[in-house]
Structure formats: C-alpha cells, structure tokens
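Visitor: Just dropping this structure here.
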Amino acid sequence: MALLILLSSVLAGFLGAILGIGGGLIVVPVLTLGMGVDIRYAIAASLVSIVATSSGAAASFLRDHLTNLRLAVLLEVATVLGAMAGFLLSREIKPQALYLLFGGFLLFSATTMFRKKSDSRGRVDHPWSAKLKLASGYVEKSGEHIDYKVENVPAGLGLMFFAGIISALLGIGSGILKVMAMDGAMKIPLKVSSATSNFMIGVTATASAGALMLAGLVRPEIACPVSLGIIAGSWGGAWVMPKLPAATIRKIFVFVLVLVAAQMLLKGLK
Amino acid sequence: MDPMQALELKIAKFLRSGVLAAAALMLIGWTSQLVLKGDGIAQLGAVDPHPLVPWIRTEWRQGHWGNLTAVLGLITLLALPFTRVVLTAWLFFKQGEKLLSAIALFVVAALLVSFALGFEL
C-alpha cells in the first residue's frame, strides 16, 4: 500500500508539473477513494507535500526573477489569515461536506483549465502598490522586457483570503484561485502570477499544515511517501515538460478531473 | 547585482538546500520504519489524532528512530516557508524597506498563531 501511495504521488507530481497545478488535486482523491484513508489525514498529507513542491519550484522561479517578492509578502498576509480561518472551519465541517466541496472545486478547476487564458498587464498603479513599489518587470526568452503595474490591490487581498480558506479546507495549494486573483483582478502578467502564486502556496499550506501536525493529523506513514513521491514526480515532470504535447495531456486530465469530481460528489452525498 | 536579485538568490539557495535535507530525512526515516514495522496505513481509515509532542515522547521511549527521523524531515520541511518569511523580513530590514519588513513580520506572527491553534485541538 505504501509503495502504491509513493507511485501515485510520483504520478501526481509529474502531472502537476506538466499541467501547472499542485499534486493535491490528484493525491487527495487517490488516498480517499482509492485507498480508504480518512479525508482529514489525506488533506494533511497533501498540505505537507504542497510545501515541498512550492519550496522546490520557488527556488527556480526566484532564480529566473519571475517571482514578485514584494507582492508575495503583502498577499501572504491575506492567504495566511485565510488559512487560519479555514483551519478553524475545518474543525466544524463533517467529512461528507469536505467531499462535496472537493468535488465542486475539482469541477471548477476542470472548467478553468479548459478555458484558454489571455495574458494581462496592469497599466495603472494602485496607490498601495505605488507605496510599496510593487510594480516590476521581467525579461522574456526573446529578450523583450515586460514592465507591469499592479491594479486593484484590495480586491486581490480579498480573493487571496478566500484562496487561503479553500487551501486549508481541502488540502490543496489553490494556485488556480491565486493566479486568477493576480491575473484577473490585479492585472499581473500570467508568468509572474504563476511564479508568485507558487512562491506563496508554501506559506499558505504551512499555516494549516503546521497546526495539523501539532494536532496529530499529519501522519508520517502517508505524509512521507506523498511528499517524496510528489517531489520526485515534479522534478521529472519539469524535465520532460518541453518534450510533451501539453495541450493533449491537459484535455485528458480535464476529463479525468470531471470523473473524479463526480465520484467525490457521490461519496459526499451518501 | 541589484540588491533585490541578491536577496532572491539567497532565498532560492536556502529553499533548495532545505528541501533536499528534508527529503533525505524523510526517505531514511520512512524506509527504515517501513522495513522494520510495516506501512501502518490500514489504521488510517478513521481519524484518531495523536498530538505531536506526546507522540514524540512515546516514540522516543520506544526507540522508534525511523518514525522520529521521518517526523524530523517533516518538521524541517514545514520550517522552510516559516524561516523563509523570517529571512525575507530580515533582508528587507537590512535594505531599509521597513514597511515591507513589518508586513513580513506580521506574516510570521500569523503563522505562529496558526501553529498555536494546533495545540488547542
């Protein structure tokens, strides 16, 4: 069973790296539906693995100067407070409700992945952004220098708070929500949004994973194989990503997500 | 090199080394526990929490070094983002960015409060 968890986590990390999502969306259903692990243990193990992948990937993004460190520090205030609220809520929510919420979030993720994203670029700096000097820029591979400003900071903070709640409740990084907040509300280019989201995910997950660890819900029997598998899988995925037909994989994965969502929803309704 | 880039590189190096150290500890601890005691996953079908501090004492007394090493790896992993925020606050402060440094310290305080909630459960 432990080796099965390790192998499915390698696959989750591999797919996560190719598709730009965290492994939690795959690992939690595998552990609960496939191996009969209680959803609260699965969520705790998934949160730990998110810290591992975020820290590993953040190192690469920082080296490429894609992460907006100043913006990340500001938004982490909202995501950590959201994670605390989510942790407190999780104590009151029954496992059935978690299955329903997870199923609903999987459907939402599938829809978001299916839609093609267009890039944004902020033109007007919000006063808070000007005060904290959040506007920045990066260099494309073609050598083009892209400068951007940061709009709508309060809306971004509100959405990050919500992303923190969802992360703690479901044991996922909620990177999709974070990217939507930065790209959609704050008009930050997609590459910077993805890199900054990845950087922040680890801190958001630590807020609830640390509490769950002290409370005894992070069990080494599953947290270790899940984390090790996802670390190995995500390194492998990042390595082969340029050689794979990502668009086709994305379509197949959306189909799988919808199937798993249906199963999670059915389990929640039982 | 501009100070922001130097700061980013310092944090990147710290995170990469930390993940490697945590992964090594988890791998050693988990595999030795797996070989000596089995996977223990069958008992995880229903929640029966063992708060961390008393659990560590029990494992220590019983000499379950595999589990203890695995947990040390998990703690190292969870300490990375926390230490990264502390490091960021310190580096911003050194660069004279007092407001950003204060915001980072607020995140540190919020993380500590969230950990304290774990003791409450």
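Convention: chains lettered A, B, ... in structure tokens order; per-chain residue numbering from 1; ligands numbered from 1 as shown.
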Give the alpha helix (DSSP H) residues of chain B, as DSSP finds them on the backbone, and put them as a PyMOL selection string.

Guide: chain B and resi 3-37+52-62+65-94+98-120

Visitor: Any idea what's packed within 6 Å of Gly66 in chain B, counting only C-alpha atoms, ignoring anything in its chain fewer than 6 positions away? Could you give it as a list in words?

Guide: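 Those residues are Gly29, Ser32 and Gln33 of chain B.
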
Visitor: Which is closest to chain A among B:Val107, B:Leu68, B:Ala22, B:Ala6, if we use only C-alpha atoms?

Guide: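 Among the listed residues, B:Val107 lies closest to chain A.
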
Visitor: For chain A against chain B, which residues fall within 8 Å using only C-alpha atoms, given as a PyMOL selection string?

Guide: chain A and resi 1-2+36-38+40-41+48+51-52+55-56+58-60+62-63+65+69-70+73-74+76-77+80-81+84+132+202-203+206-217+220-225+228

Visitor: For the residues in that selection, give me C-alpha atoms as a PDB file, in the first residue's frame.

Guide:
ATOM      1  CA  MET A   1       0.000   0.000   0.000  1.00  0.00           C
ATOM      2  CA  ALA A   2       2.821   2.428   0.909  1.00  0.00           C
ATOM      3  CA  GLY A  36      -9.700   4.268   2.064  1.00  0.00           C
ATOM      4  CA  VAL A  37      -7.650   6.818   4.024  1.00  0.00           C
ATOM      5  CA  ASP A  38      -9.761   9.279   6.054  1.00  0.00           C
ATOM      6  CA  ARG A  40      -8.672  14.584   7.041  1.00  0.00           C
ATOM      7  CA  TYR A  41      -5.421  12.556   7.020  1.00  0.00           C
ATOM      8  CA  VAL A  48       2.779  18.929   3.577  1.00  0.00           C
ATOM      9  CA  VAL A  51       5.130  22.893   0.998  1.00  0.00           C
ATOM     10  CA  ALA A  52       7.723  20.584  -0.611  1.00  0.00           C
ATOM     11  CA  SER A  55       9.729  25.390  -1.950  1.00  0.00           C
ATOM     12  CA  GLY A  56      11.453  23.421  -4.712  1.00  0.00           C
ATOM     13  CA  ALA A  58      10.028  28.669  -5.899  1.00  0.00           C
ATOM     14  CA  ALA A  59      13.816  28.333  -5.914  1.00  0.00           C
ATOM     15  CA  SER A  60      13.830  28.017  -9.739  1.00  0.00           C
ATOM     16  CA  LEU A  62      13.332  33.158  -7.971  1.00  0.00           C
ATOM     17  CA  ARG A  63      16.481  32.456  -9.972  1.00  0.00           C
ATOM     18  CA  HIS A  65      13.418  36.671 -11.495  1.00  0.00           C
ATOM     19  CA  LEU A  69       8.785  39.020  -3.858  1.00  0.00           C
ATOM     20  CA  ARG A  70       7.356  42.333  -2.578  1.00  0.00           C
ATOM     21  CA  VAL A  73       4.961  39.258   1.085  1.00  0.00           C
ATOM     22  CA  LEU A  74       1.899  41.521   1.004  1.00  0.00           C
ATOM     23  CA  GLU A  76       0.779  36.273   2.174  1.00  0.00           C
ATOM     24  CA  VAL A  77      -0.885  38.320   4.931  1.00  0.00           C
ATOM     25  CA  VAL A  80      -2.234  33.055   5.937  1.00  0.00           C
ATOM     26  CA  LEU A  81      -5.204  34.702   7.669  1.00  0.00           C
ATOM     27  CA  MET A  84      -6.226  30.166   9.770  1.00  0.00           C
ATOM     28  CA  LEU A 132       5.109  49.501  -1.568  1.00  0.00           C
ATOM     29  CA  GLY A 202       4.122  27.032   0.608  1.00  0.00           C
ATOM     30  CA  VAL A 203       3.466  29.674   3.261  1.00  0.00           C
ATOM     31  CA  THR A 206       2.392  25.805   6.246  1.00  0.00           C
ATOM     32  CA  ALA A 207      -0.170  27.828   8.227  1.00  0.00           C
ATOM     33  CA  SER A 208      -2.628  24.923   8.279  1.00  0.00           C
ATOM     34  CA  ALA A 209      -0.136  22.023   7.898  1.00  0.00           C
ATOM     35  CA  GLY A 210       1.808  23.228  10.970  1.00  0.00           C
ATOM     36  CA  ALA A 211      -1.379  23.328  13.034  1.00  0.00           C
ATOM     37  CA  LEU A 212      -2.480  19.902  11.751  1.00  0.00           C
ATOM     38  CA  MET A 213       0.975  18.477  12.506  1.00  0.00           C
ATOM     39  CA  LEU A 214       0.854  19.664  16.118  1.00  0.00           C
ATOM     40  CA  ALA A 215      -2.697  18.339  16.410  1.00  0.00           C
ATOM     41  CA  GLY A 216      -1.502  14.891  15.234  1.00  0.00           C
ATOM     42  CA  LEU A 217      -3.218  14.737  11.836  1.00  0.00           C
ATOM     43  CA  PRO A 220       4.432  10.105   8.637  1.00  0.00           C
ATOM     44  CA  GLU A 221       3.060   6.830   7.188  1.00  0.00           C
ATOM     45  CA  ILE A 222       1.354   8.790   4.396  1.00  0.00           C
ATOM     46  CA  ALA A 223       2.858  12.297   4.541  1.00  0.00           C
ATOM     47  CA  CYS A 224       6.385  10.973   3.791  1.00  0.00           C
ATOM     48  CA  PRO A 225       5.585   8.826   0.709  1.00  0.00           C
ATOM     49  CA  LEU A 228       8.747  12.208  -1.542  1.00  0.00           C
TER      50      LEU A 228
END

Visitor: From the set A:Thr67, A:Asn152, A:Ser109, A:Ser234, which residue has the shortest atom-to-atom contact distance to Leu190 in chain A, counting only C-alpha atoms?

Guide: A:Thr67

Visitor: Using DSSP secondary structure from the backbone, list all strand (DSSP E) positions within range 33-223 of chain A, as a ChimeraX atom specification.

Guide: /A:136-139,145-148

Visitor: Report as a list of chain:residue names all protein, DNA and RNA residues lying within 9 Å of Thr196 in chain A, evaluated on only C-alpha atoms, omitting residues in the same chain fewer than 5 positions from it.

Guide: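 Using only C-alpha atoms, the neighbours found are A:Ala58, A:Phe61, A:Leu66, A:Thr67, A:Asn68, A:Leu69, A:Leu71, A:Ala72, A:Lys178, A:Val179, A:Met182, A:Lys191, A:Ile201.
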
Visitor: Convert the current residue selection to file output with N, CA and C atoms, as a JSON list (two decimals), in the first residue's frame.

Guide:
[["chain", "number", "residue", "atom", "x", "y", "z"],
["A", 58, "ALA", "N", 9.80, 27.24, -6.17],
["A", 58, "ALA", "CA", 10.03, 28.67, -5.90],
["A", 58, "ALA", "C", 11.50, 29.02, -6.10],
["A", 61, "PHE", "N", 11.97, 29.62, -9.81],
["A", 61, "PHE", "CA", 11.31, 30.85, -10.26],
["A", 61, "PHE", "C", 12.05, 32.09, -9.75],
["A", 66, "LEU", "N", 11.18, 35.79, -11.93],
["A", 66, "LEU", "CA", 9.77, 35.90, -12.32],
["A", 66, "LEU", "C", 8.89, 36.20, -11.11],
["A", 67, "THR", "N", 9.34, 35.79, -9.92],
["A", 67, "THR", "CA", 8.54, 36.00, -8.71],
["A", 67, "THR", "C", 8.61, 37.45, -8.27],
["A", 68, "ASN", "N", 7.45, 38.03, -7.96],
["A", 68, "ASN", "CA", 7.42, 39.38, -7.39],
["A", 68, "ASN", "C", 7.41, 39.23, -5.87],
["A", 69, "LEU", "N", 8.61, 39.30, -5.29],
["A", 69, "LEU", "CA", 8.79, 39.02, -3.86],
["A", 69, "LEU", "C", 8.03, 40.02, -2.98],
["A", 71, "LEU", "N", 5.31, 41.73, -3.73],
["A", 71, "LEU", "CA", 3.88, 41.44, -3.82],
["A", 71, "LEU", "C", 3.53, 40.19, -3.02],
["A", 72, "ALA", "N", 4.41, 39.17, -3.11],
["A", 72, "ALA", "CA", 4.16, 37.91, -2.40],
["A", 72, "ALA", "C", 4.06, 38.16, -0.89],
["A", 178, "LYS", "N", -5.35, 31.66, -6.82],
["A", 178, "LYS", "CA", -4.35, 32.72, -6.61],
["A", 178, "LYS", "C", -3.96, 33.34, -7.94],
["A", 179, "VAL", "N", -3.77, 32.49, -8.95],
["A", 179, "VAL", "CA", -3.41, 33.02, -10.27],
["A", 179, "VAL", "C", -4.56, 33.87, -10.81],
["A", 182, "MET", "N", -4.48, 37.30, -9.16],
["A", 182, "MET", "CA", -3.40, 38.19, -9.61],
["A", 182, "MET", "C", -3.58, 38.57, -11.08],
["A", 191, "LYS", "N", 2.79, 34.80, -16.33],
["A", 191, "LYS", "CA", 4.03, 34.15, -15.88],
["A", 191, "LYS", "C", 4.39, 34.60, -14.47],
["A", 201, "ILE", "N", 2.24, 29.66, -2.13],
["A", 201, "ILE", "CA", 1.49, 28.44, -1.77],
["A", 201, "ILE", "C", 2.11, 27.75, -0.55]]

Visitor: Residues near Leu169 in chain A, anyone? I mean within 10 Å using only C-alpha atoms, not counting same-chain ones fewer than 6 positions away, as a PDB file with all heavy atoms, in the first residue's frame.

Guide:
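The new file out01.pdb reads:
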ATOM      1  N   ARG A  40      -9.429  13.587   6.262  1.00  0.00           N
ATOM      2  CA  ARG A  40      -8.672  14.584   7.041  1.00  0.00           C
ATOM      3  C   ARG A  40      -7.175  14.250   7.079  1.00  0.00           C
ATOM      4  O   ARG A  40      -6.344  15.134   7.039  1.00  0.00           O
ATOM      5  CB  ARG A  40      -9.276  14.720   8.440  1.00  0.00           C
ATOM      6  CG  ARG A  40     -10.592  15.509   8.373  1.00  0.00           C
ATOM      7  CD  ARG A  40     -11.461  15.290   9.555  1.00  0.00           C
ATOM      8  NE  ARG A  40     -11.951  13.909   9.609  1.00  0.00           N
ATOM      9  CZ  ARG A  40     -12.833  13.466  10.484  1.00  0.00           C
ATOM     10  NH1 ARG A  40     -13.301  14.280  11.396  1.00  0.00           N
ATOM     11  NH2 ARG A  40     -13.248  12.216  10.473  1.00  0.00           N
ATOM     12  N   ILE A  43      -5.911  15.181   3.523  1.00  0.00           N
ATOM     13  CA  ILE A  43      -5.746  16.637   3.374  1.00  0.00           C
ATOM     14  C   ILE A  43      -4.455  17.092   4.058  1.00  0.00           C
ATOM     15  O   ILE A  43      -3.685  17.883   3.507  1.00  0.00           O
ATOM     16  CB  ILE A  43      -6.990  17.366   3.941  1.00  0.00           C
ATOM     17  CG1 ILE A  43      -8.160  17.224   2.958  1.00  0.00           C
ATOM     18  CG2 ILE A  43      -6.700  18.836   4.241  1.00  0.00           C
ATOM     19  CD1 ILE A  43      -9.491  17.717   3.479  1.00  0.00           C
ATOM     20  N   ALA A  44      -4.193  16.557   5.257  1.00  0.00           N
ATOM     21  CA  ALA A  44      -2.983  16.951   5.992  1.00  0.00           C
ATOM     22  C   ALA A  44      -1.721  16.535   5.231  1.00  0.00           C
ATOM     23  O   ALA A  44      -0.775  17.328   5.088  1.00  0.00           O
ATOM     24  CB  ALA A  44      -2.996  16.314   7.386  1.00  0.00           C
ATOM     25  N   ALA A  83      -6.009  30.927   5.661  1.00  0.00           N
ATOM     26  CA  ALA A  83      -5.703  29.540   6.049  1.00  0.00           C
ATOM     27  C   ALA A  83      -6.072  29.301   7.512  1.00  0.00           C
ATOM     28  O   ALA A  83      -6.574  28.226   7.863  1.00  0.00           O
ATOM     29  CB  ALA A  83      -4.223  29.241   5.819  1.00  0.00           C
ATOM     30  N   MET A  84      -5.837  30.318   8.360  1.00  0.00           N
ATOM     31  CA  MET A  84      -6.226  30.166   9.770  1.00  0.00           C
ATOM     32  C   MET A  84      -7.743  30.017   9.891  1.00  0.00           C
ATOM     33  O   MET A  84      -8.237  29.150  10.622  1.00  0.00           O
ATOM     34  CB  MET A  84      -5.786  31.405  10.572  1.00  0.00           C
ATOM     35  CG  MET A  84      -4.340  31.366  10.981  1.00  0.00           C
ATOM     36  SD  MET A  84      -3.776  32.999  11.504  1.00  0.00           S
ATOM     37  CE  MET A  84      -4.698  33.224  12.993  1.00  0.00           C
ATOM     38  N   ALA A  85      -8.470  30.848   9.139  1.00  0.00           N
ATOM     39  CA  ALA A  85      -9.942  30.761   9.165  1.00  0.00           C
ATOM     40  C   ALA A  85     -10.382  29.397   8.640  1.00  0.00           C
ATOM     41  O   ALA A  85     -11.278  28.758   9.222  1.00  0.00           O
ATOM     42  CB  ALA A  85     -10.534  31.876   8.312  1.00  0.00           C
ATOM     43  N   GLY A  86      -9.727  28.917   7.575  1.00  0.00           N
ATOM     44  CA  GLY A  86     -10.062  27.613   7.002  1.00  0.00           C
ATOM     45  C   GLY A  86      -9.796  26.484   7.982  1.00  0.00           C
ATOM     46  O   GLY A  86     -10.586  25.546   8.104  1.00  0.00           O
ATOM     47  N   PHE A  87      -8.673  26.595   8.708  1.00  0.00           N
ATOM     48  CA  PHE A  87      -8.329  25.567   9.699  1.00  0.00           C
ATOM     49  C   PHE A  87      -9.403  25.499  10.788  1.00  0.00           C
ATOM     50  O   PHE A  87      -9.847  24.420  11.178  1.00  0.00           O
ATOM     51  CB  PHE A  87      -6.957  25.881  10.310  1.00  0.00           C
ATOM     52  CG  PHE A  87      -6.591  24.976  11.445  1.00  0.00           C
ATOM     53  CD1 PHE A  87      -6.194  23.677  11.199  1.00  0.00           C
ATOM     54  CD2 PHE A  87      -6.659  25.411  12.751  1.00  0.00           C
ATOM     55  CE1 PHE A  87      -5.868  22.826  12.245  1.00  0.00           C
ATOM     56  CE2 PHE A  87      -6.338  24.575  13.807  1.00  0.00           C
ATOM     57  CZ  PHE A  87      -5.943  23.275  13.549  1.00  0.00           C
ATOM     58  N   LEU A  88      -9.844  26.690  11.251  1.00  0.00           N
ATOM     59  CA  LEU A  88     -10.882  26.714  12.283  1.00  0.00           C
ATOM     60  C   LEU A  88     -12.200  26.157  11.745  1.00  0.00           C
ATOM     61  O   LEU A  88     -12.910  25.425  12.433  1.00  0.00           O
ATOM     62  CB  LEU A  88     -11.076  28.149  12.795  1.00  0.00           C
ATOM     63  CG  LEU A  88      -9.899  28.698  13.600  1.00  0.00           C
ATOM     64  CD1 LEU A  88     -10.086  30.178  13.905  1.00  0.00           C
ATOM     65  CD2 LEU A  88      -9.720  27.920  14.909  1.00  0.00           C
ATOM     66  N   LEU A  89     -12.516  26.498  10.491  1.00  0.00           N
ATOM     67  CA  LEU A  89     -13.749  25.979   9.870  1.00  0.00           C
ATOM     68  C   LEU A  89     -13.694  24.462   9.727  1.00  0.00           C
ATOM     69  O   LEU A  89     -14.697  23.785   9.920  1.00  0.00           O
ATOM     70  CB  LEU A  89     -13.916  26.584   8.476  1.00  0.00           C
ATOM     71  CG  LEU A  89     -14.641  27.915   8.353  1.00  0.00           C
ATOM     72  CD1 LEU A  89     -14.588  28.408   6.913  1.00  0.00           C
ATOM     73  CD2 LEU A  89     -16.102  27.759   8.771  1.00  0.00           C
ATOM     74  N   SER A  90     -12.487  23.946   9.389  1.00  0.00           N
ATOM     75  CA  SER A  90     -12.358  22.501   9.133  1.00  0.00           C
ATOM     76  C   SER A  90     -12.693  21.680  10.380  1.00  0.00           C
ATOM     77  O   SER A  90     -13.063  20.520  10.275  1.00  0.00           O
ATOM     78  CB  SER A  90     -10.955  22.166   8.629  1.00  0.00           C
ATOM     79  OG  SER A  90     -10.026  22.309   9.684  1.00  0.00           O
ATOM     80  N   ARG A  91     -12.544  22.295  11.553  1.00  0.00           N
ATOM     81  CA  ARG A  91     -12.871  21.569  12.795  1.00  0.00           C
ATOM     82  C   ARG A  91     -14.376  21.357  12.922  1.00  0.00           C
ATOM     83  O   ARG A  91     -14.832  20.473  13.636  1.00  0.00           O
ATOM     84  CB  ARG A  91     -12.361  22.337  14.006  1.00  0.00           C
ATOM     85  CG  ARG A  91     -10.854  22.458  14.007  1.00  0.00           C
ATOM     86  CD  ARG A  91     -10.379  23.585  14.887  1.00  0.00           C
ATOM     87  NE  ARG A  91     -10.682  23.381  16.294  1.00  0.00           N
ATOM     88  CZ  ARG A  91     -10.268  24.172  17.267  1.00  0.00           C
ATOM     89  NH1 ARG A  91      -9.517  25.218  16.981  1.00  0.00           N
ATOM     90  NH2 ARG A  91     -10.572  23.932  18.511  1.00  0.00           N
ATOM     91  N   ILE A  93     -16.524  21.242  10.129  1.00  0.00           N
ATOM     92  CA  ILE A  93     -17.138  20.660   8.926  1.00  0.00           C
ATOM     93  C   ILE A  93     -17.023  19.147   8.930  1.00  0.00           C
ATOM     94  O   ILE A  93     -15.976  18.591   9.266  1.00  0.00           O
ATOM     95  CB  ILE A  93     -16.477  21.263   7.660  1.00  0.00           C
ATOM     96  CG1 ILE A  93     -16.884  22.730   7.552  1.00  0.00           C
ATOM     97  CG2 ILE A  93     -16.881  20.517   6.403  1.00  0.00           C
ATOM     98  CD1 ILE A  93     -16.354  23.425   6.321  1.00  0.00           C
ATOM     99  N   LEU A  98     -16.782  17.951   3.190  1.00  0.00           N
ATOM    100  CA  LEU A  98     -15.468  18.128   2.549  1.00  0.00           C
ATOM    101  C   LEU A  98     -15.445  17.448   1.177  1.00  0.00           C
ATOM    102  O   LEU A  98     -14.901  17.974   0.219  1.00  0.00           O
ATOM    103  CB  LEU A  98     -14.350  17.562   3.438  1.00  0.00           C
ATOM    104  CG  LEU A  98     -14.032  18.355   4.705  1.00  0.00           C
ATOM    105  CD1 LEU A  98     -12.980  17.633   5.530  1.00  0.00           C
ATOM    106  CD2 LEU A  98     -13.547  19.758   4.361  1.00  0.00           C
ATOM    107  N   LEU A 101     -17.393  19.670  -1.182  1.00  0.00           N
ATOM    108  CA  LEU A 101     -16.626  20.877  -1.502  1.00  0.00           C
ATOM    109  C   LEU A 101     -15.473  20.537  -2.449  1.00  0.00           C
ATOM    110  O   LEU A 101     -15.204  21.256  -3.414  1.00  0.00           O
ATOM    111  CB  LEU A 101     -16.081  21.469  -0.196  1.00  0.00           C
ATOM    112  CG  LEU A 101     -15.588  22.899  -0.224  1.00  0.00           C
ATOM    113  CD1 LEU A 101     -16.689  23.854  -0.664  1.00  0.00           C
ATOM    114  CD2 LEU A 101     -15.109  23.322   1.176  1.00  0.00           C
ATOM    115  N   PHE A 102     -14.818  19.401  -2.168  1.00  0.00           N
ATOM    116  CA  PHE A 102     -13.682  18.995  -3.013  1.00  0.00           C
ATOM    117  C   PHE A 102     -14.176  18.688  -4.428  1.00  0.00           C
ATOM    118  O   PHE A 102     -13.570  19.113  -5.417  1.00  0.00           O
ATOM    119  CB  PHE A 102     -12.987  17.757  -2.420  1.00  0.00           C
ATOM    120  CG  PHE A 102     -11.559  17.631  -2.862  1.00  0.00           C
ATOM    121  CD1 PHE A 102     -10.537  17.993  -2.018  1.00  0.00           C
ATOM    122  CD2 PHE A 102     -11.227  17.172  -4.130  1.00  0.00           C
ATOM    123  CE1 PHE A 102      -9.214  17.906  -2.419  1.00  0.00           C
ATOM    124  CE2 PHE A 102      -9.915  17.079  -4.543  1.00  0.00           C
ATOM    125  CZ  PHE A 102      -8.902  17.445  -3.683  1.00  0.00           C
ATOM    126  N   ALA A 163      -8.776  32.204  -1.078  1.00  0.00           N
ATOM    127  CA  ALA A 163      -7.896  31.110  -1.527  1.00  0.00           C
ATOM    128  C   ALA A 163      -7.273  30.402  -0.322  1.00  0.00           C
ATOM    129  O   ALA A 163      -7.120  29.177  -0.317  1.00  0.00           O
ATOM    130  CB  ALA A 163      -6.805  31.645  -2.450  1.00  0.00           C
ATOM    131  N   SER A 208      -1.721  25.972   7.814  1.00  0.00           N
ATOM    132  CA  SER A 208      -2.628  24.923   8.279  1.00  0.00           C
ATOM    133  C   SER A 208      -1.894  23.602   8.518  1.00  0.00           C
ATOM    134  O   SER A 208      -2.230  22.883   9.468  1.00  0.00           O
ATOM    135  CB  SER A 208      -3.795  24.737   7.309  1.00  0.00           C
ATOM    136  OG  SER A 208      -3.385  24.941   5.997  1.00  0.00           O
TER     137      SER A 208
END

Visitor: Report as a list in words all protein, DNA and RNA residues lying within 7 Å of Ala181 in chain A, evaluated on only C-alpha atoms, omitting residues in the same chain fewer than 5 positions from it.

Guide: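 Listed by chain and then number, they are Gly156, Leu159, Met160 and Met186 of chain A.
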
Visitor: Deliver the residues from the most recent selection as a file, using all heavy atoms, as an mmCIF file, in the first residue's frame.

Guide:
data_model
loop_
_atom_site.group_PDB
_atom_site.id
_atom_site.type_symbol
_atom_site.label_atom_id
_atom_site.label_comp_id
_atom_site.auth_asym_id
_atom_site.auth_seq_id
_atom_site.Cartn_x
_atom_site.Cartn_y
_atom_site.Cartn_z
ATOM 1 N N GLY A 156 -7.492 41.983 -4.739
ATOM 2 C CA GLY A 156 -6.548 40.869 -4.752
ATOM 3 C C GLY A 156 -6.391 40.285 -3.355
ATOM 4 O O GLY A 156 -6.390 39.055 -3.182
ATOM 5 N N LEU A 159 -9.502 38.186 -2.481
ATOM 6 C CA LEU A 159 -9.505 36.886 -3.161
ATOM 7 C C LEU A 159 -8.461 35.940 -2.564
ATOM 8 O O LEU A 159 -8.667 34.734 -2.474
ATOM 9 C CB LEU A 159 -9.252 37.070 -4.659
ATOM 10 C CG LEU A 159 -10.420 37.694 -5.431
ATOM 11 C CD1 LEU A 159 -9.988 38.166 -6.805
ATOM 12 C CD2 LEU A 159 -11.569 36.693 -5.557
ATOM 13 N N MET A 160 -7.329 36.503 -2.130
ATOM 14 C CA MET A 160 -6.282 35.674 -1.518
ATOM 15 C C MET A 160 -6.751 35.101 -0.179
ATOM 16 O O MET A 160 -6.404 33.976 0.186
ATOM 17 C CB MET A 160 -5.013 36.501 -1.280
ATOM 18 C CG MET A 160 -4.269 36.836 -2.523
ATOM 19 S SD MET A 160 -3.628 35.358 -3.309
ATOM 20 C CE MET A 160 -3.272 35.997 -4.925
ATOM 21 N N MET A 186 -5.749 41.834 -10.418
ATOM 22 C CA MET A 186 -4.641 42.784 -10.242
ATOM 23 C C MET A 186 -3.875 43.065 -11.538
ATOM 24 O O MET A 186 -2.944 43.860 -11.539
ATOM 25 C CB MET A 186 -3.683 42.241 -9.151
ATOM 26 C CG MET A 186 -4.401 41.988 -7.835
ATOM 27 S SD MET A 186 -3.383 41.106 -6.645
ATOM 28 C CE MET A 186 -2.567 42.468 -5.882
#
